[in-house]
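final06.cif, holding mmCIF, C-alpha atoms:
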data_run
loop_
_atom_site.label_atom_id
_atom_site.label_comp_id
_atom_site.auth_asym_id
_atom_site.auth_seq_id
_atom_site.Cartn_x
_atom_site.Cartn_y
_atom_site.Cartn_z
CA MET A 1 -4.14 219.08 1.94
CA ALA A 2 -6.15 215.99 0.94
CA GLU A 3 -5.52 216.76 -2.72
CA GLU A 4 -1.76 216.91 -2.11
CA VAL A 5 -1.88 213.53 -0.38
CA LEU A 6 -3.87 211.99 -3.23
CA GLU A 7 -1.50 213.46 -5.80
CA SER A 8 1.49 211.98 -3.98
CA PHE A 9 -0.19 208.57 -4.03
CA ARG A 10 -0.89 208.94 -7.73
CA LYS A 11 2.69 209.88 -8.59
CA LYS A 12 4.07 206.87 -6.76
CA ILE A 13 1.48 204.49 -8.21
CA CYS A 14 1.99 205.66 -11.81
CA ALA A 15 5.75 205.22 -11.55
CA GLU A 16 5.33 201.78 -10.00
CA LEU A 17 2.92 200.67 -12.73
CA ASP A 18 5.38 201.75 -15.42
CA GLN A 19 8.25 199.73 -13.98
CA VAL A 20 6.09 196.66 -13.26
CA VAL A 21 4.78 196.52 -16.83
CA ALA A 22 8.31 197.07 -18.17
CA PHE A 23 9.49 194.02 -16.17
CA TRP A 24 6.94 191.72 -17.80
CA LEU A 25 7.49 193.18 -21.26
CA LYS A 26 11.21 192.54 -20.95
CA HIS A 27 11.29 189.11 -19.35
CA SER A 28 8.10 187.12 -19.91
CA HIS A 29 7.45 186.87 -23.65
CA ASP A 30 8.04 183.58 -25.46
CA GLU A 31 8.98 184.70 -28.94
CA ASP A 32 9.22 181.12 -30.23
CA HIS A 33 5.88 179.59 -29.24
CA GLY A 34 3.77 182.53 -28.10
CA GLY A 35 2.32 183.08 -24.66
CA PHE A 36 4.20 184.07 -21.55
CA PHE A 37 6.72 182.70 -19.11
CA THR A 38 5.69 183.42 -15.53
CA CYS A 39 8.24 181.44 -13.54
CA LEU A 40 10.66 184.33 -13.24
CA ALA A 41 13.50 184.75 -10.73
CA LYS A 42 14.07 188.01 -8.91
CA ASP A 43 16.06 189.39 -11.84
CA GLY A 44 13.58 188.15 -14.45
CA GLU A 45 15.47 185.01 -15.49
CA VAL A 46 13.15 182.17 -16.53
CA TYR A 47 13.67 179.31 -14.07
CA ASP A 48 10.90 177.04 -15.44
CA ASP A 49 9.30 177.21 -18.88
CA LEU A 50 5.93 175.69 -17.92
CA LYS A 51 2.99 177.94 -18.75
CA TYR A 52 -0.01 178.28 -16.47
CA VAL A 53 -3.34 178.95 -18.17
CA TRP A 54 -4.68 181.15 -15.36
CA LEU A 55 -1.69 183.43 -15.82
CA GLN A 56 -1.74 183.33 -19.61
CA GLY A 57 -5.32 184.59 -19.60
CA ARG A 58 -4.62 187.16 -16.93
CA GLN A 59 -1.65 188.62 -18.80
CA VAL A 60 -3.61 188.87 -22.06
CA TRP A 61 -6.37 190.65 -20.13
CA MET A 62 -3.92 192.98 -18.42
CA TYR A 63 -2.13 193.99 -21.62
CA CYS A 64 -5.42 194.59 -23.43
CA ARG A 65 -6.90 196.61 -20.58
CA LEU A 66 -3.82 198.82 -20.35
CA TYR A 67 -3.71 199.21 -24.13
CA ARG A 68 -7.31 200.41 -24.40
CA SER A 69 -7.52 202.41 -21.16
CA VAL A 70 -4.18 204.14 -20.56
CA GLU A 71 -2.72 206.18 -23.38
CA ARG A 72 0.94 205.68 -22.46
CA PHE A 73 0.49 201.91 -22.85
CA ARG A 74 -1.15 202.14 -26.29
CA LYS A 75 1.87 200.65 -27.99
CA PRO A 76 2.00 198.12 -30.86
CA ASP A 77 4.26 195.71 -28.96
CA ILE A 78 1.77 195.44 -26.10
CA LEU A 79 -1.12 194.74 -28.45
CA GLN A 80 0.90 192.22 -30.45
CA ALA A 81 1.96 190.39 -27.28
CA ALA A 82 -1.67 190.24 -26.14
CA LYS A 83 -2.82 188.85 -29.49
CA SER A 84 0.01 186.30 -29.48
CA GLY A 85 -0.97 185.21 -25.98
CA GLY A 86 -4.62 184.95 -26.97
CA GLU A 87 -3.84 182.79 -29.97
CA PHE A 88 -1.60 180.57 -27.85
CA LEU A 89 -4.55 180.01 -25.52
CA ARG A 90 -7.00 179.29 -28.33
CA SER A 91 -4.60 176.82 -29.93
CA HIS A 92 -3.42 174.94 -26.84
CA ALA A 93 -5.55 175.50 -23.72
CA TRP A 94 -8.39 173.09 -24.54
CA VAL A 95 -7.98 169.38 -23.76
CA PRO A 96 -10.41 166.41 -23.56
CA VAL A 97 -11.71 165.68 -20.03
CA ALA A 98 -14.56 163.31 -19.09
CA GLY A 99 -15.93 163.27 -22.61
CA ASN A 100 -15.88 167.06 -22.85
CA LYS A 101 -13.29 169.72 -23.46
CA LYS A 102 -11.77 171.75 -20.68
CA CYS A 103 -9.01 174.30 -20.27
CA ALA A 104 -5.80 172.86 -18.90
CA PHE A 105 -4.17 174.33 -15.82
CA CYS A 106 -0.57 173.88 -16.95
CA LEU A 107 1.08 173.54 -20.36
CA THR A 108 4.58 172.93 -21.64
CA HIS A 109 6.32 175.86 -23.27
CA SER A 110 5.13 174.61 -26.67
CA GLY A 111 1.55 174.14 -25.51
CA GLN A 112 1.17 170.47 -24.57
CA ALA A 113 -1.15 169.82 -21.63
CA VAL A 114 0.54 168.85 -18.35
CA LYS A 115 -2.21 169.19 -15.76
CA VAL A 116 -5.94 169.84 -15.59
CA GLN A 117 -7.80 171.15 -12.54
CA ARG A 118 -11.39 170.13 -11.90
CA THR A 119 -12.50 173.70 -11.38
CA ILE A 120 -13.80 176.55 -13.53
CA PHE A 121 -10.95 179.01 -13.06
CA SER A 122 -8.81 178.32 -16.13
CA GLU A 123 -11.94 178.87 -18.21
CA CYS A 124 -12.77 182.04 -16.30
CA PHE A 125 -9.45 183.69 -17.10
CA TYR A 126 -9.78 182.47 -20.68
CA VAL A 127 -13.08 184.38 -20.88
CA MET A 128 -11.47 187.53 -19.49
CA ALA A 129 -8.71 187.31 -22.07
CA MET A 130 -11.04 186.72 -25.02
CA ASP A 131 -13.41 189.53 -24.05
CA GLU A 132 -10.64 192.10 -23.68
CA LEU A 133 -9.12 190.97 -26.98
CA ALA A 134 -12.50 191.54 -28.59
CA ARG A 135 -12.57 195.07 -27.25
CA VAL A 136 -9.10 196.08 -28.46
CA THR A 137 -9.16 194.28 -31.82
CA GLU A 138 -12.88 194.74 -32.58
CA GLU A 139 -12.87 191.16 -33.86
CA GLN A 140 -16.19 189.40 -33.26
CA GLN A 141 -14.54 185.96 -33.06
CA TYR A 142 -13.08 186.80 -29.67
CA GLN A 143 -16.35 187.99 -28.19
CA ASP A 144 -18.16 184.94 -29.56
CA GLU A 145 -15.54 182.74 -27.92
CA ALA A 146 -15.85 184.58 -24.61
CA VAL A 147 -19.64 184.17 -24.55
CA ARG A 148 -19.44 180.51 -25.60
CA VAL A 149 -17.12 179.64 -22.74
CA MET A 150 -18.99 181.84 -20.27
CA ASP A 151 -22.19 179.94 -21.00
CA GLN A 152 -20.34 176.65 -20.46
CA ILE A 153 -19.09 177.89 -17.08
CA VAL A 154 -22.64 178.86 -16.08
CA HIS A 155 -23.85 175.39 -17.10
CA TRP A 156 -21.17 173.75 -14.95
CA THR A 157 -21.94 175.89 -11.90
CA GLN A 158 -25.73 176.01 -12.07
CA VAL A 159 -26.91 172.98 -14.04
CA ASP A 160 -24.48 170.06 -14.28
CA SER A 161 -20.93 169.95 -12.93
CA SER A 162 -20.09 166.51 -14.33
CA GLY A 163 -18.20 168.09 -17.23
CA LEU A 164 -15.55 169.25 -14.76
CA GLY A 165 -14.56 165.62 -14.25
CA ARG A 166 -14.81 165.87 -10.49
CA PRO A 167 -16.04 162.65 -8.82
CA GLU A 168 -18.87 162.93 -6.31
CA LEU A 169 -17.69 161.32 -3.07
CA PRO A 170 -20.11 160.38 -0.28
CA GLY A 171 -18.21 162.18 2.46
CA ALA A 172 -17.82 165.45 0.56
CA GLY A 173 -21.05 167.39 0.71
CA PRO A 174 -21.80 170.32 -1.60
CA THR A 175 -20.39 173.65 -0.49
CA ASN A 176 -20.61 177.28 -1.53
CA SER A 177 -17.00 178.40 -1.91
CA MET A 178 -16.88 182.19 -2.18
CA ALA A 179 -14.36 181.96 -5.02
CA VAL A 180 -17.00 180.70 -7.47
CA PRO A 181 -19.65 183.47 -7.24
CA MET A 182 -16.88 186.05 -6.89
CA MET A 183 -15.28 184.91 -10.13
CA LEU A 184 -18.59 184.76 -11.96
CA LEU A 185 -19.47 188.27 -10.76
CA CYS A 186 -16.12 189.48 -12.06
CA LEU A 187 -16.92 187.94 -15.45
CA VAL A 188 -20.39 189.49 -15.51
CA GLU A 189 -18.92 192.94 -14.92
CA GLN A 190 -16.34 192.25 -17.65
CA LEU A 191 -18.84 191.10 -20.26
CA VAL A 192 -21.54 193.72 -19.69
CA GLU A 193 -19.32 196.82 -19.88
CA ASP A 194 -20.89 199.13 -22.51
CA ARG A 195 -22.94 196.25 -23.90
CA PRO A 196 -26.66 196.57 -23.04
CA GLU A 197 -27.51 193.23 -24.67
CA MET A 198 -24.97 191.45 -22.45
CA ALA A 199 -26.28 193.28 -19.37
CA LYS A 200 -29.72 191.89 -20.12
CA LYS A 201 -28.39 188.39 -20.83
CA TYR A 202 -26.42 188.15 -17.57
CA ASN A 203 -28.66 190.22 -15.27
CA GLU A 204 -30.09 187.18 -13.48
CA LEU A 205 -26.64 185.63 -13.11
CA GLY A 206 -25.30 188.81 -11.53
CA HIS A 207 -28.11 188.78 -8.98
CA TRP A 208 -27.40 185.10 -8.22
CA CYS A 209 -23.73 185.89 -7.63
CA ILE A 210 -24.59 188.64 -5.16
CA GLN A 211 -26.88 186.35 -3.17
CA GLN A 212 -24.28 183.59 -3.11
CA ILE A 213 -21.53 185.95 -1.90
CA LEU A 214 -23.72 187.42 0.82
CA GLN A 215 -24.26 183.94 2.26
CA HIS A 216 -20.67 184.19 3.51
CA VAL A 217 -21.55 186.90 6.01
CA GLN A 218 -21.84 184.72 9.11
CA ARG A 219 -21.91 184.83 12.92
CA ASP A 220 -24.46 187.62 13.20
CA GLY A 221 -22.64 189.71 10.65
CA ASN A 222 -19.31 189.59 12.48
CA ALA A 223 -17.32 187.31 10.16
CA ILE A 224 -16.79 186.49 6.50
CA LEU A 225 -16.27 182.74 6.09
CA GLU A 226 -14.71 181.35 2.92
CA CYS A 227 -16.90 178.25 2.64
CA VAL A 228 -20.51 177.71 3.70
CA SER A 229 -23.18 175.16 2.87
CA THR A 230 -25.23 175.59 -0.29
CA ASP A 231 -28.12 176.87 1.83
CA GLY A 232 -25.90 179.45 3.55
CA GLN A 233 -25.18 177.68 6.83
CA GLU A 234 -21.84 177.42 8.60
CA LEU A 235 -19.94 174.20 7.95
CA PRO A 236 -18.28 172.11 10.70
CA GLY A 237 -14.56 171.81 11.30
CA CYS A 238 -11.60 173.68 9.89
CA LEU A 239 -13.27 174.18 6.51
CA GLY A 240 -16.20 175.98 8.09
CA ARG A 241 -14.00 178.19 10.28
CA HIS A 242 -11.64 179.12 7.42
CA GLN A 243 -11.16 182.81 6.63
CA ASN A 244 -9.28 184.37 3.73
CA PRO A 245 -9.02 188.14 4.34
CA GLY A 246 -7.70 188.85 0.85
CA HIS A 247 -10.62 187.10 -0.80
CA ALA A 248 -13.11 188.94 1.39
CA LEU A 249 -11.54 192.28 0.45
CA GLU A 250 -11.55 191.40 -3.24
CA ALA A 251 -15.20 190.41 -2.95
CA GLY A 252 -15.77 193.77 -1.28
CA TRP A 253 -14.71 195.81 -4.27
CA PHE A 254 -16.50 193.44 -6.67
CA LEU A 255 -19.69 194.06 -4.68
CA LEU A 256 -19.09 197.80 -4.53
CA GLN A 257 -18.50 197.97 -8.28
CA TYR A 258 -21.74 196.07 -8.91
CA ALA A 259 -23.66 198.19 -6.40
CA THR A 260 -22.43 201.40 -8.03
CA ARG A 261 -23.53 200.25 -11.47
CA HIS A 262 -26.95 199.30 -10.11
CA GLN A 263 -27.23 202.35 -7.79
CA ASP A 264 -27.83 200.04 -4.83
CA GLU A 265 -26.98 202.09 -1.73
CA LYS A 266 -27.76 199.25 0.69
CA LEU A 267 -25.33 196.92 -1.06
CA LYS A 268 -22.66 199.66 -1.13
CA LYS A 269 -22.92 200.04 2.63
CA LEU A 270 -22.79 196.29 3.19
CA ALA A 271 -19.80 195.87 0.88
CA ILE A 272 -17.80 198.45 2.81
CA GLU A 273 -18.81 197.46 6.32
CA LYS A 274 -18.75 193.67 6.01
CA PHE A 275 -16.32 192.93 3.18
CA MET A 276 -13.77 195.71 3.75
CA LEU A 277 -13.68 197.02 7.30
CA LEU A 278 -14.41 193.65 8.91
CA PRO A 279 -11.69 191.57 7.20
CA LEU A 280 -9.15 194.35 7.60
CA ALA A 281 -9.84 194.53 11.34
CA SER A 282 -9.60 190.78 11.85
CA GLY A 283 -6.89 190.09 9.27
CA TRP A 284 -4.34 192.80 10.09
CA ASP A 285 -1.28 191.69 12.03
CA GLN A 286 -1.18 194.12 14.93
CA GLN A 287 2.41 193.21 15.83
CA HIS A 288 4.19 193.23 12.47
CA GLY A 289 1.70 194.87 10.13
CA GLY A 290 0.29 193.43 6.94
CA LEU A 291 -2.54 191.02 6.26
CA PHE A 292 -2.43 187.42 7.37
CA TYR A 293 -3.03 184.99 4.52
CA PHE A 294 -5.48 182.72 6.36
CA LEU A 295 -7.26 182.80 9.71
CA ASP A 296 -9.49 180.56 11.81
CA VAL A 297 -12.58 182.46 12.92
CA GLU A 298 -12.33 180.98 16.43
CA GLY A 299 -8.64 181.76 16.82
CA HIS A 300 -7.29 178.25 16.38
CA CYS A 301 -4.03 177.90 14.49
CA PRO A 302 -4.95 177.36 10.82
CA THR A 303 -3.72 174.10 9.33
CA GLN A 304 -2.22 175.75 6.24
CA LEU A 305 1.54 176.14 6.72
CA GLU A 306 1.51 179.55 5.01
CA TRP A 307 -1.31 180.99 7.12
CA ASN A 308 0.74 183.73 8.78
CA MET A 309 2.67 184.80 5.68
CA LYS A 310 2.10 188.14 3.99
CA LEU A 311 1.32 187.66 0.30
CA TRP A 312 1.26 190.28 -2.42
CA TRP A 313 -2.25 189.81 -3.74
CA PRO A 314 -4.35 190.38 -0.56
CA HIS A 315 -2.58 193.73 -0.14
CA CYS A 316 -3.30 194.59 -3.78
CA GLU A 317 -6.99 193.81 -3.29
CA ALA A 318 -7.08 195.83 -0.08
CA LEU A 319 -5.63 198.88 -1.83
CA ILE A 320 -8.29 198.72 -4.55
CA ALA A 321 -11.08 198.12 -2.06
CA PHE A 322 -10.37 201.01 0.28
CA LEU A 323 -9.56 203.52 -2.43
CA MET A 324 -12.75 202.56 -4.28
CA GLY A 325 -14.66 202.86 -1.02
CA TYR A 326 -13.24 206.32 -0.42
CA CYS A 327 -13.98 207.33 -4.00
CA GLU A 328 -17.63 206.36 -3.52
CA THR A 329 -18.18 207.80 -0.03
CA LYS A 330 -15.44 210.36 0.65
CA ASP A 331 -15.29 208.85 4.14
CA PRO A 332 -11.90 209.93 5.59
CA ASN A 333 -11.72 206.70 7.61
CA LEU A 334 -11.49 204.73 4.38
CA LEU A 335 -8.69 206.96 3.11
CA GLU A 336 -6.90 206.42 6.43
CA LYS A 337 -7.18 202.64 5.96
CA PHE A 338 -5.92 202.94 2.39
CA THR A 339 -2.93 204.91 3.68
CA GLN A 340 -2.20 202.25 6.29
CA ILE A 341 -2.20 199.49 3.67
CA PHE A 342 -0.27 201.63 1.16
CA GLN A 343 2.52 202.34 3.62
CA TYR A 344 2.97 198.67 4.50
CA THR A 345 2.67 197.45 0.92
CA PHE A 346 5.03 199.93 -0.70
CA SER A 347 7.65 199.54 2.02
CA HIS A 348 7.73 195.73 1.87
CA PHE A 349 6.83 194.24 -1.53
CA PRO A 350 8.50 196.30 -4.32
CA ASP A 351 12.01 195.36 -5.40
CA ALA A 352 13.96 198.58 -5.98
CA VAL A 353 16.85 196.70 -7.58
CA HIS A 354 15.28 194.49 -10.25
CA GLY A 355 11.73 195.81 -10.43
CA GLU A 356 8.32 194.19 -9.88
CA TRP A 357 7.25 192.95 -6.43
CA PHE A 358 8.20 190.09 -4.22
CA GLY A 359 5.14 187.98 -3.60
CA TYR A 360 5.82 186.01 -0.46
CA LEU A 361 6.93 187.52 2.85
CA ASN A 362 7.16 185.87 6.26
CA GLN A 363 5.13 187.14 9.19
CA GLU A 364 7.79 189.69 10.09
CA GLY A 365 7.66 191.12 6.57
CA LEU A 366 10.97 189.73 5.31
CA VAL A 367 11.19 188.18 1.84
CA ALA A 368 10.60 184.43 2.12
CA LEU A 369 10.60 183.61 -1.63
CA ASP A 370 12.53 185.97 -3.85
CA ILE A 371 10.87 184.86 -7.11
CA LYS A 372 8.90 187.45 -9.07
CA GLY A 373 6.56 184.94 -10.66
CA GLY A 374 5.51 181.32 -10.49
CA PRO A 375 2.49 179.04 -10.94
CA PHE A 376 0.19 181.58 -9.26
CA LYS A 377 1.93 184.96 -9.43
CA GLY A 378 2.08 186.58 -12.83
CA CYS A 379 1.32 189.83 -14.60
CA PHE A 380 -2.02 190.48 -12.94
CA HIS A 381 -2.63 191.40 -9.30
CA VAL A 382 0.11 194.01 -9.04
CA PRO A 383 -0.51 195.81 -12.36
CA ARG A 384 -4.29 195.51 -12.01
CA CYS A 385 -4.08 197.10 -8.57
CA LEU A 386 -1.83 199.91 -9.74
CA TYR A 387 -3.92 200.53 -12.87
CA MET A 388 -7.19 200.65 -10.93
CA CYS A 389 -5.76 202.85 -8.19
CA GLU A 390 -4.40 205.25 -10.80
CA LYS A 391 -7.83 205.53 -12.42
CA LEU A 392 -9.58 205.98 -9.06
CA LEU A 393 -7.13 208.72 -8.11
CA ASP A 394 -7.68 210.39 -11.49
CA ASP A 395 -11.40 210.45 -10.70
CA LEU A 396 -10.81 211.88 -7.24
CA LEU A 397 -8.45 214.55 -8.57
CA GLY A 398 -10.73 215.48 -11.46
CA LYS A 399 -8.22 214.50 -14.12
CA SER A 400 -9.53 213.66 -17.55
CA PRO A 401 -9.51 209.92 -18.18
CA PRO A 402 -6.85 208.90 -20.71
CA LEU A 403 -8.62 207.96 -23.93
#
Spit out the file's structure as structure tokens when you get a sec.
Amino acid sequence: MAEEVLESFRKKICAELDQVVAFWLKHSHDEDHGGFFTCLAKDGEVYDDLKYVWLQGRQVWMYCRLYRSVERFRKPDILQAAKSGGEFLRSHAWVPVAGNKKCAFCLTHSGQAVKVQRTIFSECFYVMAMDELARVTEEQQYQDEAVRVMDQIVHWTQVDSSGLGRPELPGAGPTNSMAVPMMLLCLVEQLVEDRPEMAKKYNELGHWCIQQILQHVQRDGNAILECVSTDGQELPGCLGRHQNPGHALEAGWFLLQYATRHQDEKLKKLAIEKFMLLPLASGWDQQHGGLFYFLDVEGHCPTQLEWNMKLWWPHCEALIAFLMGYCETKDPNLLEKFTQIFQYTFSHFPDAVHGEWFGYLNQEGLVALDIKGGPFKGCFHVPRCLYMCEKLLDDLLGKSPPL
């Protein structure tokens, strides 16, 4: 019976992945300048030709990962689009900031810088793109570029952040935002795959990331807080009480993936109990279903206007997390949670008319923004979720991995 249920999930997920990828292949490519349009209306029409570096890097990564991992996506047009996107990034992403060079956040359609963020995340997705390009093309230049930028990110986060161009203000104390060690852990797992020399190089960094993420387990283990002090203490005010269930769930499967590679049973247990079950229990809307976007740990109304909306990406991360948890433990409770999230997600986000998923629902689960892409939603969370769930289900069902 369980095998039939898993097979039904797999069939639905495979079909959904095919149509989602087809949407981006059809609508997002800039044949004139390279790279990708991500501001797409519900029918795929481009409503703004600005290009966002996070999403450029993510789409290159996604195309490369599908090309090398799933046989039905091993097509020349996918590889060519990925290479074109990678070269667009290398040619246009870097701009001068505070006497250094930094990746822009937003570019014009032809590649001129529009905006720079004083964070590491554009560079992080650049690294992901370059490393996956190295794997599919076997060109050393891409791996060298990935390692070069990775080492710059580590310098900014652990040695000297002045290159980010962010002013140090007296009222803004240092904080440990969970997004930073999460992202670095994701990059470590990316760079070390099947590369023993990279595993050795980034072993200490991986351990640092784990310790930084675990600092966010607060209130006697009963809450995951998004921001804490640099010594792992709770911060005052709204910032300290802020919770992001989707981020906690994403951190959960990052931790579980790391724990599995290192055969760390204690970390596996903690990842599931604290970073999966806990945020699902506190973040699930008992009245309307779905995950709240933000919460206040003490039950105050969050100050973010979108706090009670249901966004696509937390549900994607939850699907990965609970299916990965079930794959590792065979705990039926985790499969039950996956089913709960699957039923909500697949009945609310996919667009049966034009393809892809809506990203922004109101609390009741109705479409609030009917765009398919924008400055933050591109070809990443949905296809990554579907791709990873397909592979996890293949493992559970004993199917041979597509090589």
Might you pull out every residue within 10 Å of range 250-252 of chain A, with all atoms listed in the file counted and same-chain residues fewer than 5 positions away left off, and present them as a ChimeraX atom specification? /A:178-179,181-183,185-186,210,213-214,245,257-258,268,270-277,279,313-322,324-325
Starting from the displayed file, determine the output of the PyMOL selection byres ((chain A and resi 64-76) around 10) and express the residue list as a ChimeraX atom specification. /A:18,21,58-63,77-83,129-137,383-384,387,390-391,401-403
- Task: Translate the PyMOL selection byres ((chain A and resi 287-300) around 8), as applied to the file shown, into an explicit residue set as a ChimeraX atom specification.
- Result: /A:223,225,238,241-246,280,283-286,301-302,304,306-311,314-315,341,344-345,363-365
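The space between CA of His33 in chain A and CA of Trp357 in chain A spans 26.5 Å.
With all atoms listed in the file as the atoms that count, the residue of A:Ala146, A:Leu205, A:Leu267, A:Cys106 with the shortest distance to Ser122 in chain A is A:Cys106.
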